[in-house]
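Have a look at upload04.txt below; it lists compact mmCIF, C-alpha atoms.
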```
# COMPACT_ATOMS: atom_id res chain seq x y z
CA MET O 1 -13.41 28.41 2.06
CA SER O 2 -16.23 30.81 2.88
CA GLY O 3 -19.86 29.68 2.94
CA GLU O 4 -23.09 31.54 3.31
CA ARG O 5 -23.77 34.50 5.60
CA ILE O 6 -26.75 34.45 7.97
CA TYR O 7 -28.06 37.45 9.91
CA ILE O 8 -28.12 35.97 13.41
CA TYR O 9 -27.83 38.74 15.99
CA LYS O 10 -30.27 41.65 16.01
CA ARG O 11 -29.20 45.21 16.77
CA TYR O 12 -30.54 45.28 20.34
CA GLU O 13 -29.05 41.85 20.98
CA ARG O 14 -25.61 43.12 20.04
CA PHE O 15 -26.05 46.30 22.12
CA TRP O 16 -27.14 44.23 25.12
CA HIS O 17 -24.25 41.79 24.73
CA TRP O 18 -21.48 44.41 24.57
CA SER O 19 -23.04 46.65 27.23
CA GLN O 20 -23.39 43.70 29.57
CA ALA O 21 -19.80 42.62 28.87
CA PHE O 22 -18.51 46.13 29.65
CA LEU O 23 -20.50 46.33 32.89
CA ILE O 24 -19.48 42.84 34.03
CA VAL O 25 -15.79 43.57 33.40
CA SER O 26 -16.19 46.87 35.29
CA MET O 27 -17.79 45.06 38.20
CA MET O 28 -15.06 42.42 38.27
CA ILE O 29 -12.31 45.05 38.28
CA THR O 30 -13.93 47.19 40.97
CA GLY O 31 -15.30 44.24 42.94
CA PHE O 32 -11.97 42.51 43.37
CA GLU O 33 -10.44 45.83 44.41
CA VAL O 34 -13.15 46.24 47.06
CA HIS O 35 -12.27 42.70 48.11
CA GLY O 36 -8.69 43.85 48.67
CA THR O 37 -7.08 41.88 45.86
CA TYR O 38 -5.20 44.93 44.57
CA ALA O 39 -5.24 48.75 44.70
CA LEU O 40 -6.12 50.59 41.51
CA LEU O 41 -8.86 53.20 41.90
CA GLY O 42 -9.01 53.44 45.67
CA PHE O 43 -11.53 51.69 47.91
CA GLN O 44 -14.20 54.41 47.98
CA LYS O 45 -14.08 55.06 44.25
CA ALA O 46 -14.18 51.33 43.53
CA VAL O 47 -17.27 50.92 45.73
CA GLN O 48 -19.03 53.81 43.98
CA LEU O 49 -18.27 52.53 40.49
CA HIS O 50 -19.14 48.96 41.45
CA THR O 51 -22.52 50.05 42.78
CA LEU O 52 -23.21 52.23 39.73
CA ALA O 53 -22.33 49.39 37.36
CA ALA O 54 -24.56 47.00 39.31
CA TRP O 55 -27.63 49.25 39.14
CA THR O 56 -26.97 49.95 35.46
CA LEU O 57 -26.73 46.24 34.70
CA LEU O 58 -29.95 45.52 36.61
CA THR O 59 -31.71 48.20 34.56
CA LEU O 60 -30.28 46.74 31.35
CA TRP O 61 -31.47 43.27 32.36
CA ALA O 62 -34.99 44.59 33.02
CA PHE O 63 -35.17 46.00 29.47
CA THR O 64 -33.60 42.85 28.04
CA ILE O 65 -36.02 40.50 29.80
CA PHE O 66 -38.89 42.58 28.37
CA TRP O 67 -37.27 42.41 24.91
CA GLN O 68 -36.68 38.65 25.19
CA PHE O 69 -40.31 37.89 26.00
CA THR O 70 -41.88 40.33 23.53
CA THR O 71 -39.73 39.00 20.65
CA GLY O 72 -39.80 35.34 21.66
CA GLU O 73 -36.00 35.24 21.91
CA TRP O 74 -36.29 33.68 25.37
CA ARG O 75 -36.78 30.35 23.58
CA GLN O 76 -33.10 30.49 22.59
CA TYR O 77 -32.21 29.64 26.21
CA LEU O 78 -34.46 26.61 26.71
CA PRO O 79 -32.11 23.78 27.77
CA SER O 80 -31.76 20.63 25.70
CA LEU O 81 -29.70 17.50 26.25
CA LYS O 82 -29.81 16.54 22.58
CA ASN O 83 -26.29 16.32 21.11
CA VAL O 84 -24.67 17.50 24.36
CA LEU O 85 -22.19 14.62 24.28
CA ALA O 86 -21.33 15.46 20.68
CA MET O 87 -20.55 19.03 21.72
CA VAL O 88 -18.44 17.87 24.69
CA ASN O 89 -16.52 15.51 22.42
CA TYR O 90 -15.98 18.31 19.90
CA TYR O 91 -14.57 20.75 22.46
CA LEU O 92 -12.38 18.10 24.12
CA ILE O 93 -11.11 16.28 21.03
CA GLY O 94 -12.68 17.23 17.72
CA ILE O 95 -11.66 20.89 17.76
CA PHE O 96 -7.99 19.87 17.94
CA ARG O 97 -8.41 17.54 14.96
CA ASP O 98 -10.16 20.11 12.79
CA ALA O 99 -13.33 18.00 12.89
CA PRO O 100 -16.61 19.43 11.52
CA HIS O 101 -18.63 21.35 14.10
CA PRO O 102 -21.59 19.21 15.26
CA PHE O 103 -23.87 22.24 15.52
CA ARG O 104 -24.84 24.86 12.98
CA LYS O 105 -26.29 28.18 14.05
CA THR O 106 -29.61 29.32 12.63
CA VAL O 107 -31.87 32.28 13.36
CA VAL O 108 -34.05 30.10 15.61
CA GLN O 109 -31.15 28.16 17.19
CA LYS O 110 -28.28 30.49 18.01
CA HIS O 111 -26.86 28.51 20.93
CA ASN O 112 -25.65 24.93 20.89
CA PRO O 113 -26.90 22.50 23.60
CA LEU O 114 -23.81 22.98 25.77
CA GLN O 115 -24.17 26.77 25.61
CA ARG O 116 -27.82 26.50 26.64
CA LEU O 117 -26.89 24.47 29.71
CA ALA O 118 -24.14 26.96 30.57
CA TYR O 119 -26.56 29.90 30.27
CA LEU O 120 -29.08 28.00 32.41
CA ALA O 121 -26.45 27.64 35.15
CA LEU O 122 -25.62 31.33 34.80
CA LEU O 123 -29.24 32.50 34.95
CA ALA O 124 -30.52 30.03 37.54
CA PHE O 125 -27.58 29.84 39.95
CA ILE O 126 -24.61 32.18 39.48
CA SER O 127 -26.52 35.40 38.75
CA PRO O 128 -29.07 34.98 41.59
CA MET O 129 -26.22 34.26 44.03
CA ILE O 130 -24.43 37.44 42.99
CA TRP O 131 -27.48 39.69 42.89
CA VAL O 132 -29.13 38.51 46.11
CA SER O 133 -25.89 38.61 48.11
CA GLY O 134 -24.96 41.94 46.51
CA LEU O 135 -28.28 43.54 47.48
CA PHE O 136 -27.97 42.21 51.04
CA TYR O 137 -24.44 43.63 51.10
CA LEU O 138 -25.60 47.00 49.77
CA PHE O 139 -28.46 47.35 52.25
CA TYR O 140 -26.59 45.98 55.25
CA GLY O 141 -27.51 49.09 57.24
CA ASN O 142 -31.22 48.23 56.87
CA TRP O 143 -31.06 44.63 58.06
CA ARG O 144 -32.35 45.42 61.54
CA ASP O 145 -35.26 47.48 60.19
CA LEU O 146 -36.17 44.62 57.84
CA GLY O 147 -35.88 42.05 60.63
CA ILE O 148 -33.33 39.88 58.84
CA ASP O 149 -30.27 40.64 60.96
CA GLN O 150 -30.99 37.59 63.13
CA TYR O 151 -30.88 35.29 60.11
CA LEU O 152 -27.86 36.61 58.23
CA THR O 153 -24.26 37.47 58.97
CA LEU O 154 -22.19 39.84 56.87
CA GLU O 155 -19.45 37.22 56.66
CA TRP O 156 -21.70 34.65 54.97
CA VAL O 157 -23.13 37.25 52.61
CA ALA O 158 -19.60 38.34 51.67
CA LEU O 159 -18.51 34.73 51.11
CA ALA O 160 -21.52 34.05 48.89
CA HIS O 161 -20.90 37.22 46.87
CA THR O 162 -17.21 36.42 46.45
CA ALA O 163 -17.94 32.81 45.43
CA GLY O 164 -20.42 34.09 42.86
CA ALA O 165 -17.85 36.57 41.58
CA PHE O 166 -15.26 33.84 41.04
CA MET O 167 -17.81 31.69 39.22
CA MET O 168 -18.78 34.65 37.03
CA ALA O 169 -15.11 35.33 36.28
CA ALA O 170 -14.63 31.67 35.30
CA PHE O 171 -17.70 31.81 33.06
CA PHE O 172 -16.44 35.04 31.49
CA PHE O 173 -12.97 33.71 30.63
CA ILE O 174 -14.35 30.42 29.29
CA HIS O 175 -16.83 32.40 27.20
CA VAL O 176 -14.04 34.58 25.79
CA TYR O 177 -11.96 31.50 24.98
CA LEU O 178 -14.85 29.84 23.16
CA THR O 179 -15.32 32.93 20.98
CA THR O 180 -11.97 32.04 19.40
CA THR O 181 -13.10 28.55 18.33
CA GLY O 182 -14.86 29.56 15.11
CA HIS O 183 -13.52 28.87 11.64
CA THR O 184 -11.28 31.89 12.30
CA VAL O 185 -10.15 33.30 15.64
CA PHE O 186 -12.33 36.40 15.36
CA ALA O 187 -15.29 34.93 13.42
CA HIS O 188 -17.65 34.77 16.41
CA ILE O 189 -16.62 38.20 17.68
CA LYS O 190 -17.15 39.69 14.22
CA ALA O 191 -20.63 38.15 14.12
CA MET O 192 -21.53 39.80 17.43
CA VAL O 193 -20.35 43.15 16.02
CA THR O 194 -22.02 43.00 12.61
CA GLY O 195 -24.85 40.56 13.30
CA TRP O 196 -23.84 38.38 10.36
CA GLU O 197 -22.54 34.85 10.96
CA GLU O 198 -20.27 33.46 8.27
CA VAL O 199 -20.82 29.72 7.98
CA ASP O 200 -17.68 27.99 6.78
CA GLU O 201 -18.46 25.03 4.55
CA HIS O 202 -15.86 22.89 6.35
CA HIS O 203 -17.50 23.51 9.73
CA LYS O 204 -21.10 22.93 8.75
CA ALA O 205 -22.97 20.27 10.67
CA HIS O 206 -23.15 16.78 9.29
```

Would you give me this structure, written as structure tokens?
Amino acid sequence: MSGERIYIYKRYERFWHWSQAFLIVSMMITGFEVHGTYALLGFQKAVQLHTLAAWTLLTLWAFTIFWQFTTGEWRQYLPSLKNVLAMVNYYLIGIFRDAPHPFRKTVVQKHNPLQRLAYLALLAFISPMIWVSGLFYLFYGNWRDLGIDQYLTLEWVALAHTAGAFMMAAFFFIHVYLTTTGHTVFAHIKAMVTGWEEVDEHHKAH
């Protein structure tokens, strides 16, 4: 049975989400080809597209960080341990028993406690590992001029970048799976397209 509809995701938020998703998928496809996992576009073309997608995503992040702080949306990502165990129990057990969702989205609380911790790990660990190692990789020819060639090896930079890529891929696929756990399979995806979250009465918080 349908409940109320709440306008959760603003227009820029939806643009940023889908643009970032497209760029991350592009970087995964081209990045793993550069890594030698498969042949699809050709090495040189994959490198060019990977680099273009990376710079585009960095530019998008710069605008998004500005938007987050000017609108106050950065508060959505502040971590909280409150009800984390309830969320873990829901995803491990409750969801398979059609139990009520322990968290209800609102305009000021769009992410449940477990999501906030996941985004913290993404922003504080996975993303910096990818970006820092990627920039070192990109400017490998300038290491000697910068005086860092004695501290770094290309092998370690490549390993760090690849490890970050696998962690990002894991985060991406888990994120996609969790989008199917709404009151309908496409409810969360629809909300990120339209901005409106449909709150099913059966899945409201206690």

Check which residues of region 36-92 of chain O sit at most 12 Å from region 165-189 of chain O using all atoms listed in the file, and return one row each with the closest pair of atoms and their distance in Å to one decimal, ordered by chain and rising number, as a tab-separated table.
```
residue	atom	partner	partner_atom	distance
O:Tyr90	CA	O:Thr181	CA	10.8
O:Tyr91	CA	O:Thr181	CA	8.9
O:Leu92	CA	O:Thr181	CA	12.0
```

key: Shell of 8 Å around Val84 (chain O), only C-alpha atoms, local chain residues under 4 positions omitted, as a list in words   = Ser80, Val88, Pro113 and Leu114 of chain O

key: Residue contacts of Trp61 (chain O) (12 Å, all atoms listed in the file) excluding same-chain residues fewer than 3 positions away, as a ChimeraX atom specification   = /O:13,15-17,19-20,23,54-58,64-68,123,127,131

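For the pair CA of Leu120 (chain O) and CA of Ile8 (chain O), the interatomic distance is 20.6 Å.
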
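Look at Arg116 (chain O): the protein and nucleic acid residues within 9 Å of it, using only C-alpha atoms and passing over chain neighbours fewer than 5 places away, are O:Gln76, O:Tyr77, O:Leu78, O:Pro79, O:Ser80, O:His111, O:Ala121.
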
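Atom to atom, CA of Thr51 (chain O) and CA of Leu122 (chain O) stand 20.6 Å apart.
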
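For region 137-151 of chain O, the non-local neighbours within 12 Å, defined as residues at least 2 positions apart in the same chain or in other chains and counting all atoms listed in the file, are Val47, Gln48, His50, Thr51, Leu52, Ala54, Trp55, Met129, Ile130, Trp131, Val132, Ser133, Gly134, Leu135, Thr153, Leu154, Glu155, Trp156, Val157, Ala158, Leu159, Ala160, His161 and Thr162 of chain O.
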
Write out, as a compact mmCIF listing (two decimals), keeping the file's coordinate frame, the residues just selected, with C-alpha atoms.
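Contents of selection-v4.txt, freshly written:
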```txt
# COMPACT_ATOMS: atom_id res chain seq x y z
CA VAL O 47 -17.27 50.92 45.73
CA GLN O 48 -19.03 53.81 43.98
CA HIS O 50 -19.14 48.96 41.45
CA THR O 51 -22.52 50.05 42.78
CA LEU O 52 -23.21 52.23 39.73
CA ALA O 54 -24.56 47.00 39.31
CA TRP O 55 -27.63 49.25 39.14
CA MET O 129 -26.22 34.26 44.03
CA ILE O 130 -24.43 37.44 42.99
CA TRP O 131 -27.48 39.69 42.89
CA VAL O 132 -29.13 38.51 46.11
CA SER O 133 -25.89 38.61 48.11
CA GLY O 134 -24.96 41.94 46.51
CA LEU O 135 -28.28 43.54 47.48
CA THR O 153 -24.26 37.47 58.97
CA LEU O 154 -22.19 39.84 56.87
CA GLU O 155 -19.45 37.22 56.66
CA TRP O 156 -21.70 34.65 54.97
CA VAL O 157 -23.13 37.25 52.61
CA ALA O 158 -19.60 38.34 51.67
CA LEU O 159 -18.51 34.73 51.11
CA ALA O 160 -21.52 34.05 48.89
CA HIS O 161 -20.90 37.22 46.87
CA THR O 162 -17.21 36.42 46.45
```

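Using only C-alpha atoms, the smallest distance between any of O:Lys110, O:Lys82, O:Arg14, O:Arg104 and Met192 (chain O) comes from O:Arg14.
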
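From CA of Val107 (chain O) back to CA of Glu197 (chain O), the distance works out to 10.0 Å.
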
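Taking all atoms listed in the file into account, Gly195 (chain O) lies nearest to O:Tyr12 out of the set O:Thr70, O:Glu4, O:Ile93, O:Tyr12.
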
Using the file's own x, y and z axes, what box holds all listed atoms of region 144-162 of chain O with 5 Å on each side, keeping edges along x, y and z, and what are its centre and edge lengths in Å to one decimal, as JSON?
```
{"center_x": -26.7, "center_y": 40.8, "center_z": 54.8, "size_x": 29.0, "size_y": 23.4, "size_z": 26.7}
```
